[in-house]
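Shown below: my_file-v1.txt, with compact mmCIF, C-alpha atoms.
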```txt
# COMPACT_ATOMS: atom_id res chain seq x y z
CA MET A 18 -137.54 141.37 -24.20
CA ALA A 19 -135.33 139.53 -21.72
CA GLY A 20 -134.43 137.02 -24.42
CA LEU A 21 -133.36 139.79 -26.78
CA LYS A 22 -131.15 141.32 -24.11
CA THR A 23 -129.41 138.02 -23.41
CA ARG A 24 -128.79 137.48 -27.11
CA LYS A 25 -127.23 140.93 -27.39
CA LYS A 26 -125.06 140.24 -24.37
CA GLN A 27 -124.03 136.91 -25.88
CA ARG A 28 -123.10 138.57 -29.17
CA LEU A 29 -121.13 141.21 -27.27
CA VAL A 30 -119.11 138.56 -25.44
CA ILE A 31 -118.53 136.48 -28.57
CA ALA A 32 -117.54 139.46 -30.73
CA THR A 33 -115.19 140.86 -28.07
CA ALA A 34 -113.54 137.49 -27.51
CA ALA A 35 -113.19 136.89 -31.26
CA VAL A 36 -111.58 140.27 -31.91
CA ALA A 37 -109.23 139.85 -28.95
CA ALA A 38 -108.29 136.35 -30.12
CA VAL A 39 -107.57 137.41 -33.69
CA VAL A 40 -105.57 140.51 -32.70
CA GLY A 41 -103.65 138.56 -30.05
CA ALA A 42 -102.90 135.67 -32.39
CA VAL A 43 -101.66 137.90 -35.21
CA ILE A 44 -99.42 139.88 -32.86
CA LEU A 45 -98.05 136.72 -31.23
CA ILE A 46 -97.31 135.17 -34.62
CA THR A 47 -95.61 138.28 -36.03
CA LEU A 48 -93.56 138.76 -32.86
CA GLY A 49 -92.91 135.02 -32.64
CA LEU A 50 -91.41 134.99 -36.11
CA GLY A 51 -88.71 137.07 -34.50
CA GLY A 52 -87.24 140.41 -35.41
CA ASP A 53 -84.80 138.97 -37.93
CA SER A 54 -87.20 137.47 -40.42
CA LEU A 55 -89.38 140.57 -40.57
CA SER A 56 -86.63 143.14 -40.27
CA LEU A 57 -85.38 144.88 -43.36
CA PHE A 58 -81.71 144.73 -42.52
CA LEU A 59 -79.03 143.34 -40.21
CA GLN A 60 -76.95 145.62 -38.01
CA PRO A 61 -73.15 145.21 -37.91
CA GLU A 62 -73.23 143.40 -34.54
CA GLN A 63 -75.74 140.85 -35.89
CA VAL A 64 -73.64 140.34 -39.03
CA LEU A 65 -70.58 139.50 -36.94
CA GLN A 66 -72.56 137.34 -34.48
CA LYS A 67 -74.20 135.32 -37.24
CA LYS A 68 -70.89 135.05 -39.09
CA VAL A 69 -72.63 135.80 -42.39
CA GLU A 70 -70.54 134.10 -45.09
CA ALA A 71 -68.85 136.00 -47.90
CA GLY A 72 -70.86 136.16 -51.11
CA LYS A 73 -74.26 135.82 -49.42
CA ARG A 74 -76.61 138.65 -50.36
CA PHE A 75 -78.17 140.60 -47.47
CA ARG A 76 -79.01 144.10 -46.31
CA LEU A 77 -76.79 145.91 -43.85
CA GLY A 78 -78.05 148.91 -41.89
CA GLY A 79 -76.63 151.31 -39.36
CA LEU A 80 -75.04 154.72 -39.02
CA VAL A 81 -72.33 156.01 -41.32
CA ALA A 82 -69.43 156.39 -38.87
CA THR A 83 -68.23 159.97 -38.46
CA GLY A 84 -64.96 160.63 -40.27
CA SER A 85 -65.10 157.37 -42.25
CA PHE A 86 -66.33 158.65 -45.62
CA ILE A 87 -63.78 158.55 -48.47
CA ARG A 88 -64.26 159.11 -52.18
CA ASP A 89 -61.88 157.15 -54.41
CA ASP A 90 -59.83 158.79 -57.17
CA ASP A 91 -62.24 157.63 -59.87
CA GLY A 92 -64.83 159.91 -58.29
CA LEU A 93 -67.52 157.22 -58.36
CA THR A 94 -66.46 154.75 -55.71
CA TYR A 95 -67.19 155.57 -52.10
CA ARG A 96 -65.89 153.94 -48.95
CA PHE A 97 -67.39 154.36 -45.51
CA THR A 98 -67.92 152.44 -42.29
CA VAL A 99 -71.36 151.33 -41.14
CA THR A 100 -71.58 151.12 -37.37
CA ASP A 101 -74.21 150.34 -34.72
CA CYS A 102 -71.93 151.74 -32.01
CA VAL A 103 -71.00 148.16 -31.08
CA ALA A 104 -69.44 146.77 -34.24
CA ASP A 105 -68.20 148.25 -37.53
CA ILE A 106 -68.30 147.00 -41.10
CA PRO A 107 -66.37 148.72 -43.90
CA VAL A 108 -68.46 149.32 -47.03
CA ARG A 109 -67.49 149.97 -50.65
CA PHE A 110 -70.06 151.35 -53.07
CA LYS A 111 -69.93 152.47 -56.68
CA GLY A 112 -72.98 154.48 -57.74
CA LEU A 113 -75.17 157.41 -56.82
CA LEU A 114 -75.78 158.24 -53.17
CA PRO A 115 -79.20 159.57 -52.05
CA ASP A 116 -79.64 163.19 -50.86
CA LEU A 117 -79.83 162.32 -47.19
CA PHE A 118 -76.60 160.31 -47.19
CA ARG A 119 -74.12 161.81 -44.73
CA GLU A 120 -71.83 160.86 -41.89
CA GLY A 121 -73.63 160.29 -38.61
CA GLN A 122 -76.91 159.41 -40.37
CA GLY A 123 -78.50 156.03 -41.02
CA VAL A 124 -78.17 153.95 -44.19
CA VAL A 125 -79.62 150.69 -45.46
CA THR A 126 -77.42 149.03 -48.06
CA GLU A 127 -77.78 145.80 -50.00
CA GLY A 128 -74.87 143.71 -51.20
CA ARG A 129 -72.37 141.00 -50.22
CA LEU A 130 -69.34 140.62 -47.97
CA ASP A 131 -66.10 139.95 -49.81
CA ALA A 132 -63.33 137.65 -48.57
CA ASP A 133 -61.70 140.35 -46.37
CA GLY A 134 -64.97 141.31 -44.69
CA THR A 135 -65.64 144.47 -46.70
CA PHE A 136 -69.28 144.87 -47.65
CA ILE A 137 -69.59 145.46 -51.40
CA ALA A 138 -72.83 147.43 -51.69
CA GLU A 139 -75.00 147.41 -54.80
CA THR A 140 -77.57 149.88 -53.50
CA VAL A 141 -77.35 152.45 -50.72
CA LEU A 142 -80.51 153.96 -49.24
CA ALA A 143 -80.43 156.76 -46.69
CA LYS A 144 -82.47 156.20 -43.55
CA HIS A 145 -84.02 159.29 -42.02
CA ASP A 146 -84.31 159.54 -38.24
CA GLU A 147 -87.24 160.92 -36.24
CA ASN A 148 -85.80 164.43 -35.84
CA TYR A 149 -87.28 167.42 -37.63
CA ALA A 150 -85.71 170.84 -37.05
CA PRO A 151 -84.92 174.09 -38.87
CA PRO A 152 -81.37 174.57 -40.16
CA GLY A 153 -78.77 175.56 -37.59
CA THR A 154 -80.64 174.18 -34.59
CA ALA A 155 -79.58 171.03 -32.85
CA PRO A 156 -82.31 168.36 -32.85
CA LYS A 157 -83.68 167.54 -29.40
CA ASN A 158 -82.57 163.97 -28.98
CA ALA A 159 -79.66 163.69 -31.40
CA GLU A 160 -78.16 160.45 -30.14
CA ALA A 161 -74.53 161.08 -30.92
CA CYS A 162 -73.14 157.60 -31.39
CA SER A 163 -69.93 157.72 -29.38
CA HIS A 164 -67.75 155.73 -31.64
CA PRO A 165 -65.72 152.91 -30.03
CA GLU A 166 -62.13 153.92 -30.78
CA GLY A 167 -60.65 150.43 -30.80
CA LEU A 168 -63.16 149.10 -33.29
CA LYS A 169 -62.68 152.08 -35.53
CA ALA A 170 -58.92 151.55 -35.79
CA GLU A 171 -59.49 147.90 -36.65
CA ALA A 172 -62.12 148.64 -39.27
CA GLY A 173 -60.05 151.43 -40.74
CA SER A 174 -57.44 148.96 -41.96
CA TYR A 175 -59.11 148.15 -45.28
CA MET B 13 -126.42 156.57 -28.53
CA HIS B 14 -129.66 154.70 -29.18
CA ARG B 15 -131.29 158.01 -29.98
CA PHE B 16 -129.01 158.55 -32.98
CA ALA B 17 -129.73 155.10 -34.30
CA ASN B 18 -132.89 156.76 -35.52
CA PRO B 19 -132.24 158.11 -39.07
CA ALA B 20 -134.33 161.26 -38.66
CA GLU B 21 -132.55 162.15 -35.40
CA PHE B 22 -129.25 161.44 -37.06
CA ASN B 23 -130.00 163.71 -40.01
CA ARG B 24 -130.95 166.56 -37.67
CA LEU B 25 -127.72 166.13 -35.69
CA ALA B 26 -125.64 165.94 -38.91
CA ASP B 27 -127.21 169.16 -40.19
CA ARG B 28 -126.26 170.90 -36.96
CA ILE B 29 -122.63 169.70 -37.11
CA LEU B 30 -121.97 170.15 -40.84
CA PRO B 31 -121.71 173.99 -41.01
CA TRP B 32 -119.16 173.90 -38.18
CA SER B 33 -117.07 171.07 -39.58
CA LEU B 34 -117.06 172.77 -43.00
CA ALA B 35 -115.93 176.07 -41.49
CA ILE B 36 -113.19 174.39 -39.41
CA MET B 37 -112.04 172.41 -42.44
CA ALA B 38 -111.78 175.51 -44.66
CA GLY B 39 -110.04 177.59 -41.99
CA ALA B 40 -107.60 174.86 -40.94
CA PHE B 41 -106.70 173.92 -44.52
CA ALA B 42 -106.07 177.58 -45.43
CA ALA B 43 -103.93 178.22 -42.35
CA GLY B 44 -102.28 174.80 -42.37
CA LEU B 45 -101.30 174.80 -46.04
CA TYR B 46 -99.95 178.35 -45.80
CA LEU B 47 -97.87 177.47 -42.72
CA ALA B 48 -96.73 174.12 -44.12
CA LEU B 49 -95.82 175.22 -47.62
CA PHE B 50 -94.59 178.79 -47.06
CA ALA B 51 -94.20 179.96 -43.47
CA SER B 52 -92.48 176.98 -41.83
CA PRO B 53 -88.71 176.57 -42.06
CA PRO B 54 -86.99 173.96 -44.25
CA ASP B 55 -85.54 170.96 -42.39
CA TYR B 56 -81.87 170.91 -41.37
CA GLN B 57 -81.40 167.60 -43.23
CA GLN B 58 -84.18 167.35 -45.80
CA GLY B 59 -84.47 170.97 -46.94
CA ASP B 60 -87.81 171.79 -48.56
CA SER B 61 -88.71 168.14 -49.11
CA VAL B 62 -89.88 168.14 -45.49
CA ARG B 63 -93.05 169.93 -46.68
CA ILE B 64 -94.36 166.63 -48.05
CA MET B 65 -94.50 165.50 -44.42
CA TYR B 66 -97.36 167.95 -43.68
CA VAL B 67 -99.54 166.15 -46.21
CA HIS B 68 -98.22 162.65 -45.56
CA VAL B 69 -98.28 162.32 -41.77
CA PRO B 70 -101.91 163.48 -41.18
CA ALA B 71 -103.02 161.25 -44.07
CA ALA B 72 -101.36 158.26 -42.39
CA TRP B 73 -102.90 159.14 -39.00
CA MET B 74 -106.34 159.47 -40.57
CA ALA B 75 -105.88 156.21 -42.48
CA MET B 76 -105.64 154.41 -39.11
CA PHE B 77 -108.26 156.57 -37.36
CA THR B 78 -110.81 155.95 -40.12
CA TYR B 79 -110.14 152.23 -39.91
CA MET B 80 -110.94 152.30 -36.20
CA VAL B 81 -114.18 154.20 -36.94
CA MET B 82 -115.04 151.53 -39.52
CA ALA B 83 -114.17 148.73 -37.10
CA GLY B 84 -116.16 150.36 -34.29
CA ALA B 85 -119.17 150.67 -36.59
CA SER B 86 -118.76 147.03 -37.64
CA PHE B 87 -118.61 145.88 -34.04
CA THR B 88 -121.76 147.88 -33.22
CA ALA B 89 -123.49 146.48 -36.28
CA LEU B 90 -122.66 142.87 -35.37
CA VAL B 91 -123.49 143.09 -31.67
CA TRP B 92 -126.37 145.55 -31.40
CA ARG B 93 -127.64 145.48 -35.01
CA HIS B 94 -128.10 149.24 -35.06
CA PRO B 95 -129.51 150.14 -38.46
CA LEU B 96 -127.09 153.04 -38.87
CA ALA B 97 -123.92 151.19 -37.81
CA ASP B 98 -123.63 149.26 -41.09
CA LEU B 99 -124.09 152.49 -43.00
CA ALA B 100 -121.41 154.22 -40.90
CA GLY B 101 -118.82 151.59 -41.84
CA LYS B 102 -119.86 151.76 -45.48
CA ALA B 103 -119.64 155.56 -45.41
CA ALA B 104 -116.19 155.59 -43.78
CA ALA B 105 -114.44 153.01 -46.00
CA PRO B 106 -113.82 155.05 -49.19
CA ILE B 107 -112.60 158.01 -47.10
CA GLY B 108 -110.12 155.74 -45.31
CA ALA B 109 -108.99 154.17 -48.56
CA THR B 110 -108.32 157.65 -49.96
CA PHE B 111 -106.28 158.70 -46.91
CA THR B 112 -104.28 155.47 -47.16
CA ALA B 113 -103.61 155.95 -50.87
CA LEU B 114 -102.57 159.56 -50.20
CA ALA B 115 -100.16 158.42 -47.46
CA LEU B 116 -98.66 155.74 -49.73
CA VAL B 117 -98.23 158.07 -52.72
CA THR B 118 -96.81 161.05 -50.80
CA GLY B 119 -94.51 158.75 -48.84
CA SER B 120 -93.26 157.27 -52.06
CA LEU B 121 -92.64 160.70 -53.61
CA TRP B 122 -90.69 161.74 -50.50
CA GLY B 123 -88.79 158.45 -50.43
CA LYS B 124 -87.29 158.77 -53.90
CA PRO B 125 -85.19 161.90 -53.25
CA MET B 126 -84.61 161.24 -49.53
CA TRP B 127 -84.07 157.50 -49.21
CA GLY B 128 -83.14 156.88 -52.81
CA THR B 129 -86.12 154.61 -53.56
CA TYR B 130 -89.87 154.92 -54.11
CA TRP B 131 -90.62 151.70 -52.28
CA GLU B 132 -89.05 149.14 -49.96
CA TRP B 133 -90.81 146.13 -48.50
CA ASP B 134 -90.17 147.08 -44.90
CA GLY B 135 -92.57 146.51 -42.00
CA ARG B 136 -94.20 149.94 -42.10
CA MET B 137 -94.76 150.21 -45.83
CA THR B 138 -95.97 146.63 -46.20
CA SER B 139 -98.44 146.89 -43.31
CA VAL B 140 -99.89 150.16 -44.66
CA LEU B 141 -100.30 148.54 -48.08
CA VAL B 142 -102.20 145.72 -46.32
CA LEU B 143 -104.41 148.40 -44.73
CA PHE B 144 -105.19 149.75 -48.19
CA PHE B 145 -106.18 146.27 -49.38
CA LEU B 146 -108.36 145.79 -46.28
CA TYR B 147 -110.32 148.92 -47.21
CA LEU B 148 -110.69 147.72 -50.81
CA GLY B 149 -111.72 144.25 -49.60
CA TYR B 150 -114.31 145.72 -47.25
CA MET B 151 -115.82 147.77 -50.09
CA ALA B 152 -115.71 144.80 -52.44
CA VAL B 153 -117.61 142.59 -49.96
CA TRP B 154 -120.35 145.22 -49.73
CA GLN B 155 -120.62 145.18 -53.52
CA SER B 156 -120.49 141.42 -53.88
CA MET B 157 -123.88 140.56 -52.31
CA ASP B 158 -127.34 141.75 -53.23
CA ASP B 159 -128.70 141.09 -49.75
CA GLU B 160 -127.52 144.15 -47.84
CA ALA B 161 -127.92 142.54 -44.42
CA LYS B 162 -125.67 139.63 -45.41
CA ALA B 163 -123.16 141.87 -47.17
CA GLY B 164 -122.99 144.12 -44.12
CA ARG B 165 -122.33 141.21 -41.79
CA ALA B 166 -119.57 139.75 -43.99
CA ALA B 167 -117.93 143.16 -44.44
CA SER B 168 -118.10 143.82 -40.69
CA ILE B 169 -116.34 140.53 -39.90
CA LEU B 170 -113.60 141.38 -42.40
CA ALA B 171 -113.18 144.85 -40.84
CA LEU B 172 -112.84 143.35 -37.34
CA VAL B 173 -110.26 140.75 -38.43
CA GLY B 174 -108.26 143.58 -40.00
CA VAL B 175 -108.01 145.42 -36.66
CA ALA B 176 -104.99 143.19 -35.94
CA ASN B 177 -103.10 145.18 -38.58
CA ILE B 178 -103.44 148.49 -36.71
CA PRO B 179 -100.96 147.78 -33.86
CA ILE B 180 -98.64 146.23 -36.44
CA ILE B 181 -98.62 149.47 -38.45
CA LYS B 182 -98.06 151.58 -35.35
CA PHE B 183 -95.28 149.47 -33.81
CA SER B 184 -93.64 148.09 -36.98
CA VAL B 185 -90.97 150.79 -36.73
CA ASP B 186 -90.19 149.79 -33.13
CA TRP B 187 -90.40 146.00 -33.38
CA TRP B 188 -88.33 145.57 -36.52
CA ASN B 189 -85.57 147.30 -38.44
CA THR B 190 -87.33 149.36 -41.08
CA LEU B 191 -86.33 151.93 -43.66
CA HIS B 192 -89.19 154.10 -42.42
CA GLN B 193 -88.27 156.38 -39.53
CA PRO B 194 -89.79 155.84 -36.07
CA ALA B 195 -92.60 158.04 -34.70
CA SER B 196 -91.80 161.74 -34.18
CA VAL B 197 -94.98 163.01 -32.52
CA MET B 198 -96.85 160.20 -30.75
CA ARG B 199 -93.91 158.66 -28.93
CA MET B 200 -92.66 158.13 -25.39
CA GLY B 201 -90.61 161.10 -24.22
CA GLY B 202 -92.43 163.69 -26.32
CA PRO B 203 -92.17 164.89 -29.90
CA THR B 204 -88.78 165.11 -31.64
CA ILE B 205 -90.08 167.66 -34.07
CA ASP B 206 -89.33 171.34 -33.64
CA GLY B 207 -92.22 173.59 -32.54
CA THR B 208 -92.05 175.62 -35.76
CA MET B 209 -92.86 172.41 -37.65
CA LEU B 210 -95.12 170.73 -35.09
CA TRP B 211 -97.76 173.49 -35.16
CA PRO B 212 -98.31 173.47 -38.93
CA LEU B 213 -98.51 169.67 -38.72
CA LEU B 214 -101.15 169.74 -35.96
CA ILE B 215 -103.23 172.34 -37.83
CA MET B 216 -103.09 170.15 -40.95
CA ALA B 217 -104.17 167.20 -38.80
CA LEU B 218 -107.17 169.24 -37.58
CA ALA B 219 -108.05 170.09 -41.20
CA TYR B 220 -107.95 166.40 -42.17
CA LYS B 221 -110.11 165.49 -39.17
CA ALA B 222 -112.70 168.15 -40.07
CA TYR B 223 -112.61 166.90 -43.68
CA PHE B 224 -113.35 163.40 -42.41
CA VAL B 225 -116.29 164.56 -40.25
CA THR B 226 -117.76 166.57 -43.15
CA VAL B 227 -117.48 163.92 -45.83
CA PHE B 228 -118.48 161.15 -43.43
CA LEU B 229 -121.71 162.96 -42.48
CA TRP B 230 -122.47 163.71 -46.13
CA ARG B 231 -122.00 160.10 -47.06
CA MET B 232 -124.12 158.92 -44.12
CA LYS B 233 -126.99 161.21 -45.20
CA LEU B 234 -126.60 159.96 -48.75
CA GLU B 235 -126.79 156.32 -47.63
CA ILE B 236 -129.85 157.02 -45.47
CA ASN B 237 -131.61 158.68 -48.41
CA ARG B 238 -130.61 155.84 -50.72
CA ARG B 239 -132.12 153.31 -48.29
CA LYS B 240 -135.31 155.36 -48.02
CA LEU B 241 -135.55 155.48 -51.81
CA SER B 242 -135.12 151.75 -52.22
CA VAL B 243 -137.74 151.07 -49.52
CA LEU B 244 -140.12 153.48 -51.28
CA SER B 245 -139.59 151.98 -54.72
CA GLN B 246 -140.07 148.47 -53.31
CA ALA B 247 -143.28 149.62 -51.64
CA GLU B 248 -144.46 150.90 -55.01
CA VAL B 249 -143.67 147.66 -56.80
CA TYR B 250 -145.22 145.37 -54.22
CA GLY B 251 -147.76 147.72 -52.72
```
Turn the structure described in the file into structure tokens.
Amino acid sequence: MAGLKTRKKQRLVIATAAVAAVVGAVILITLGLGGDSLSLFLQPEQVLQKKVEAGKRFRLGGLVATGSFIRDDDGLTYRFTVTDCVADIPVRFKGLLPDLFREGQGVVTEGRLDADGTFIAETVLAKHDENYAPPGTAPKNAEACSHPEGLKAEAGSY
Amino acid sequence: MHRFANPAEFNRLADRILPWSLAIMAGAFAAGLYLALFASPPDYQQGDSVRIMYVHVPAAWMAMFTYMVMAGASFTALVWRHPLADLAGKAAAPIGATFTALALVTGSLWGKPMWGTYWEWDGRMTSVLVLFFLYLGYMAVWQSMDDEAKAGRAASILALVGVANIPIIKFSVDWWNTLHQPASVMRMGGPTIDGTMLWPLLIMALAYKAYFVTVFLWRMKLEINRRKLSVLSQAEVYG
């Protein structure tokens, strides 16, 4: 009986160590790969830091800056600024916008930078935040992105 | 715990729990679906599409919960060789796979009108798809070997390796940029979901949990009877 107990204890130690090792290794590897390679999109600040070259395809994500949304005369082309509250990137998009698209909300868009630094989007997806509330009530933690005025003026020059 | 490793004890306990879990399931689904689909307000951004959330979010929670039940059973089976632990994992797997599929499908149906796409390979969606494949793999390993003891051991090892995916699912929305929104209920600083929407969601979660208990116990009893039958028929052949 003592032998059986020791074997069970041994199996317990081995199984616990094995599970901990596998879970730890997978988490270390996924975190070690870094946020960028596993992230879906780059934020404006990262785009400027990395100096992403014009013509290279990538995804840009952030908030649609308040007051930046313009519809061109053709009725199909939209212009808006994507911001992460640190940096701004002007975006041009021709196509259909999703239901949740609006100023102050998140977007994920795929496309390329042109020579003047405008992001020419091919697809625009709306990103929902974690707030759920009935109409007319302010969500609890609405993080109003206080827009940096200087950056906005600069980005508004397209 | 050792007491319930005895099949007869287990069956008696299951028969005591089942009427309650069935009653809670029926009551919570009736109340939860009424509140979620009719009585709760539309969302200030999403409108009525928010109602998909009441089906989607509990399904996703249960997809992870059921995996942990399966992994716990696998661990118990490997370490203590309880005869019922293998069966518990086997009984839980198809329920978990169904919850995962439900979460993926409802999420996709919500994503098309809200995000503008059915699917995006972001951290959350990809890791939940991996969870679905882990369930299918676990069930396939059980099917792939005639020797049940061997099949159970191989399936248990697979289930334990897959545990690494659970924290990745949970924290994918915090570690990486994803299209999927971050957590609204189980987060630091409390829920960011209005009370009029949180209650229907929690009642739906209770209904899902009671559904799991009910179907899990049914499937356990079924597996126990199936084992008894195969032992009996073997005894007849060789006896």
For A:Leu113, work out the shell of residues within 9 Å, counting only C-alpha atoms and skipping chain neighbours fewer than 5 positions away, then give it as a CSV table (one decimal) with C-alpha atoms, in the frame of the given file.
```
chain,number,residue,atom,x,y,z
A,93,LEU,CA,-67.5,157.2,-58.4
A,140,THR,CA,-77.6,149.9,-53.5
A,141,VAL,CA,-77.4,152.4,-50.7
B,128,GLY,CA,-83.1,156.9,-52.8
```
- Residue nearest chain B - candidates A:Leu65, A:Ile31, A:Val108, A:Leu130, atoms counted: all atoms listed in the file: A:Ile31
Proximity of chain B to chain A: per-residue shortest pair, 9 Å limit, all atoms listed in the file, as CSV:
```
residue,atom,partner,partner_atom,distance
B:Ser52,CA,A:Pro151,CA,8.6
B:Pro53,CA,A:Pro151,CA,5.5
B:Pro54,CA,A:Pro151,CA,5.8
B:Asp55,CA,A:Pro151,CA,4.8
B:Tyr56,CA,A:Pro152,CA,3.9
B:Gln57,CA,A:Leu117,CA,6.8
B:Gln58,CA,A:Leu117,CA,6.8
B:Gly59,CA,A:Pro152,CA,8.3
B:Val62,CA,A:Tyr149,CA,8.3
B:Phe87,CA,A:Ala32,CA,7.3
B:Thr88,CA,A:Leu29,CA,9.0
B:Leu90,CA,A:Arg28,CA,7.6
B:Val91,CA,A:Arg28,CA,5.2
B:Trp92,CA,A:Lys25,CA,6.2
B:Arg93,CA,A:Lys25,CA,8.9
B:Lys124,CA,A:Pro115,CA,8.3
B:Pro125,CA,A:Asp116,CA,6.2
B:Met126,CA,A:Leu117,CA,5.4
B:Trp127,CA,A:Ala143,CA,4.5
B:Gly128,CA,A:Pro115,CA,4.8
B:Thr129,CA,A:Leu142,CA,7.1
B:Glu132,CA,A:Leu57,CA,8.7
B:Trp133,CA,A:Leu57,CA,7.6
B:Asp134,CA,A:Leu57,CA,5.5
B:Gly135,CA,A:Leu55,CA,6.9
B:Leu172,CA,A:Val36,CA,6.4
B:Val173,CA,A:Val39,CA,6.4
B:Gly174,CA,A:Val40,CA,8.4
B:Val175,CA,A:Val40,CA,6.8
B:Ala176,CA,A:Val40,CA,4.2
B:Asn177,CA,A:Val40,CA,7.9
B:Pro179,CA,A:Ile44,CA,8.1
B:Ile180,CA,A:Ile44,CA,7.3
B:Trp187,CA,A:Gly52,CA,6.7
B:Trp188,CA,A:Ser56,CA,4.8
B:Asn189,CA,A:Ser56,CA,4.7
B:Thr190,CA,A:Leu57,CA,5.4
B:Leu191,CA,A:Lys144,CA,5.8
B:His192,CA,A:Lys144,CA,7.1
B:Gln193,CA,A:Asp146,CA,5.2
B:Pro194,CA,A:Glu147,CA,5.7
B:Ala195,CA,A:Glu147,CA,6.3
B:Ser196,CA,A:Glu147,CA,5.1
B:Val197,CA,A:Glu147,CA,8.8
B:Pro203,CA,A:Asn148,CA,8.7
B:Thr204,CA,A:Asn148,CA,5.2
B:Ile205,CA,A:Tyr149,CA,4.5
B:Asp206,CA,A:Ala150,CA,5.0
B:Gly207,CA,A:Ala150,CA,8.4
B:Thr208,CA,A:Pro151,CA,7.9
B:Met209,CA,A:Ala150,CA,7.3
B:Leu210,CA,A:Tyr149,CA,8.9
```
Go ahead and write the residues just picked, C-alpha atoms, as a PDB file, in the coordinates of the input.
```
ATOM      1  CA  SER B  52     -92.480 176.980 -41.830  1.00  0.00           C
ATOM      2  CA  PRO B  53     -88.710 176.570 -42.060  1.00  0.00           C
ATOM      3  CA  PRO B  54     -86.990 173.960 -44.250  1.00  0.00           C
ATOM      4  CA  ASP B  55     -85.540 170.960 -42.390  1.00  0.00           C
ATOM      5  CA  TYR B  56     -81.870 170.910 -41.370  1.00  0.00           C
ATOM      6  CA  GLN B  57     -81.400 167.600 -43.230  1.00  0.00           C
ATOM      7  CA  GLN B  58     -84.180 167.350 -45.800  1.00  0.00           C
ATOM      8  CA  GLY B  59     -84.470 170.970 -46.940  1.00  0.00           C
ATOM      9  CA  VAL B  62     -89.880 168.140 -45.490  1.00  0.00           C
ATOM     10  CA  PHE B  87    -118.610 145.880 -34.040  1.00  0.00           C
ATOM     11  CA  THR B  88    -121.760 147.880 -33.220  1.00  0.00           C
ATOM     12  CA  LEU B  90    -122.660 142.870 -35.370  1.00  0.00           C
ATOM     13  CA  VAL B  91    -123.490 143.090 -31.670  1.00  0.00           C
ATOM     14  CA  TRP B  92    -126.370 145.550 -31.400  1.00  0.00           C
ATOM     15  CA  ARG B  93    -127.640 145.480 -35.010  1.00  0.00           C
ATOM     16  CA  LYS B 124     -87.290 158.770 -53.900  1.00  0.00           C
ATOM     17  CA  PRO B 125     -85.190 161.900 -53.250  1.00  0.00           C
ATOM     18  CA  MET B 126     -84.610 161.240 -49.530  1.00  0.00           C
ATOM     19  CA  TRP B 127     -84.070 157.500 -49.210  1.00  0.00           C
ATOM     20  CA  GLY B 128     -83.140 156.880 -52.810  1.00  0.00           C
ATOM     21  CA  THR B 129     -86.120 154.610 -53.560  1.00  0.00           C
ATOM     22  CA  GLU B 132     -89.050 149.140 -49.960  1.00  0.00           C
ATOM     23  CA  TRP B 133     -90.810 146.130 -48.500  1.00  0.00           C
ATOM     24  CA  ASP B 134     -90.170 147.080 -44.900  1.00  0.00           C
ATOM     25  CA  GLY B 135     -92.570 146.510 -42.000  1.00  0.00           C
ATOM     26  CA  LEU B 172    -112.840 143.350 -37.340  1.00  0.00           C
ATOM     27  CA  VAL B 173    -110.260 140.750 -38.430  1.00  0.00           C
ATOM     28  CA  GLY B 174    -108.260 143.580 -40.000  1.00  0.00           C
ATOM     29  CA  VAL B 175    -108.010 145.420 -36.660  1.00  0.00           C
ATOM     30  CA  ALA B 176    -104.990 143.190 -35.940  1.00  0.00           C
ATOM     31  CA  ASN B 177    -103.100 145.180 -38.580  1.00  0.00           C
ATOM     32  CA  PRO B 179    -100.960 147.780 -33.860  1.00  0.00           C
ATOM     33  CA  ILE B 180     -98.640 146.230 -36.440  1.00  0.00           C
ATOM     34  CA  TRP B 187     -90.400 146.000 -33.380  1.00  0.00           C
ATOM     35  CA  TRP B 188     -88.330 145.570 -36.520  1.00  0.00           C
ATOM     36  CA  ASN B 189     -85.570 147.300 -38.440  1.00  0.00           C
ATOM     37  CA  THR B 190     -87.330 149.360 -41.080  1.00  0.00           C
ATOM     38  CA  LEU B 191     -86.330 151.930 -43.660  1.00  0.00           C
ATOM     39  CA  HIS B 192     -89.190 154.100 -42.420  1.00  0.00           C
ATOM     40  CA  GLN B 193     -88.270 156.380 -39.530  1.00  0.00           C
ATOM     41  CA  PRO B 194     -89.790 155.840 -36.070  1.00  0.00           C
ATOM     42  CA  ALA B 195     -92.600 158.040 -34.700  1.00  0.00           C
ATOM     43  CA  SER B 196     -91.800 161.740 -34.180  1.00  0.00           C
ATOM     44  CA  VAL B 197     -94.980 163.010 -32.520  1.00  0.00           C
ATOM     45  CA  PRO B 203     -92.170 164.890 -29.900  1.00  0.00           C
ATOM     46  CA  THR B 204     -88.780 165.110 -31.640  1.00  0.00           C
ATOM     47  CA  ILE B 205     -90.080 167.660 -34.070  1.00  0.00           C
ATOM     48  CA  ASP B 206     -89.330 171.340 -33.640  1.00  0.00           C
ATOM     49  CA  GLY B 207     -92.220 173.590 -32.540  1.00  0.00           C
ATOM     50  CA  THR B 208     -92.050 175.620 -35.760  1.00  0.00           C
ATOM     51  CA  MET B 209     -92.860 172.410 -37.650  1.00  0.00           C
ATOM     52  CA  LEU B 210     -95.120 170.730 -35.090  1.00  0.00           C
TER      53      LEU B 210
END
```
- Just give me the gap between atom CA of B:Arg231 and atom CA of B:Ser168 in Å, one decimal is fine. 17.9 Å
- Message: Give me, as a PyMOL selection string, all polymer residues having an atom no more than 9 Å from stretch 94-108 of chain B, counting only C-alpha atoms and skipping those fewer than 5 positions away in the same chain.
- Response: chain B and resi 14+16-19+22+74-79+81-89+113+144+147-148+150-151+154+161+164-165+167-168+171+224+227-232+234-236
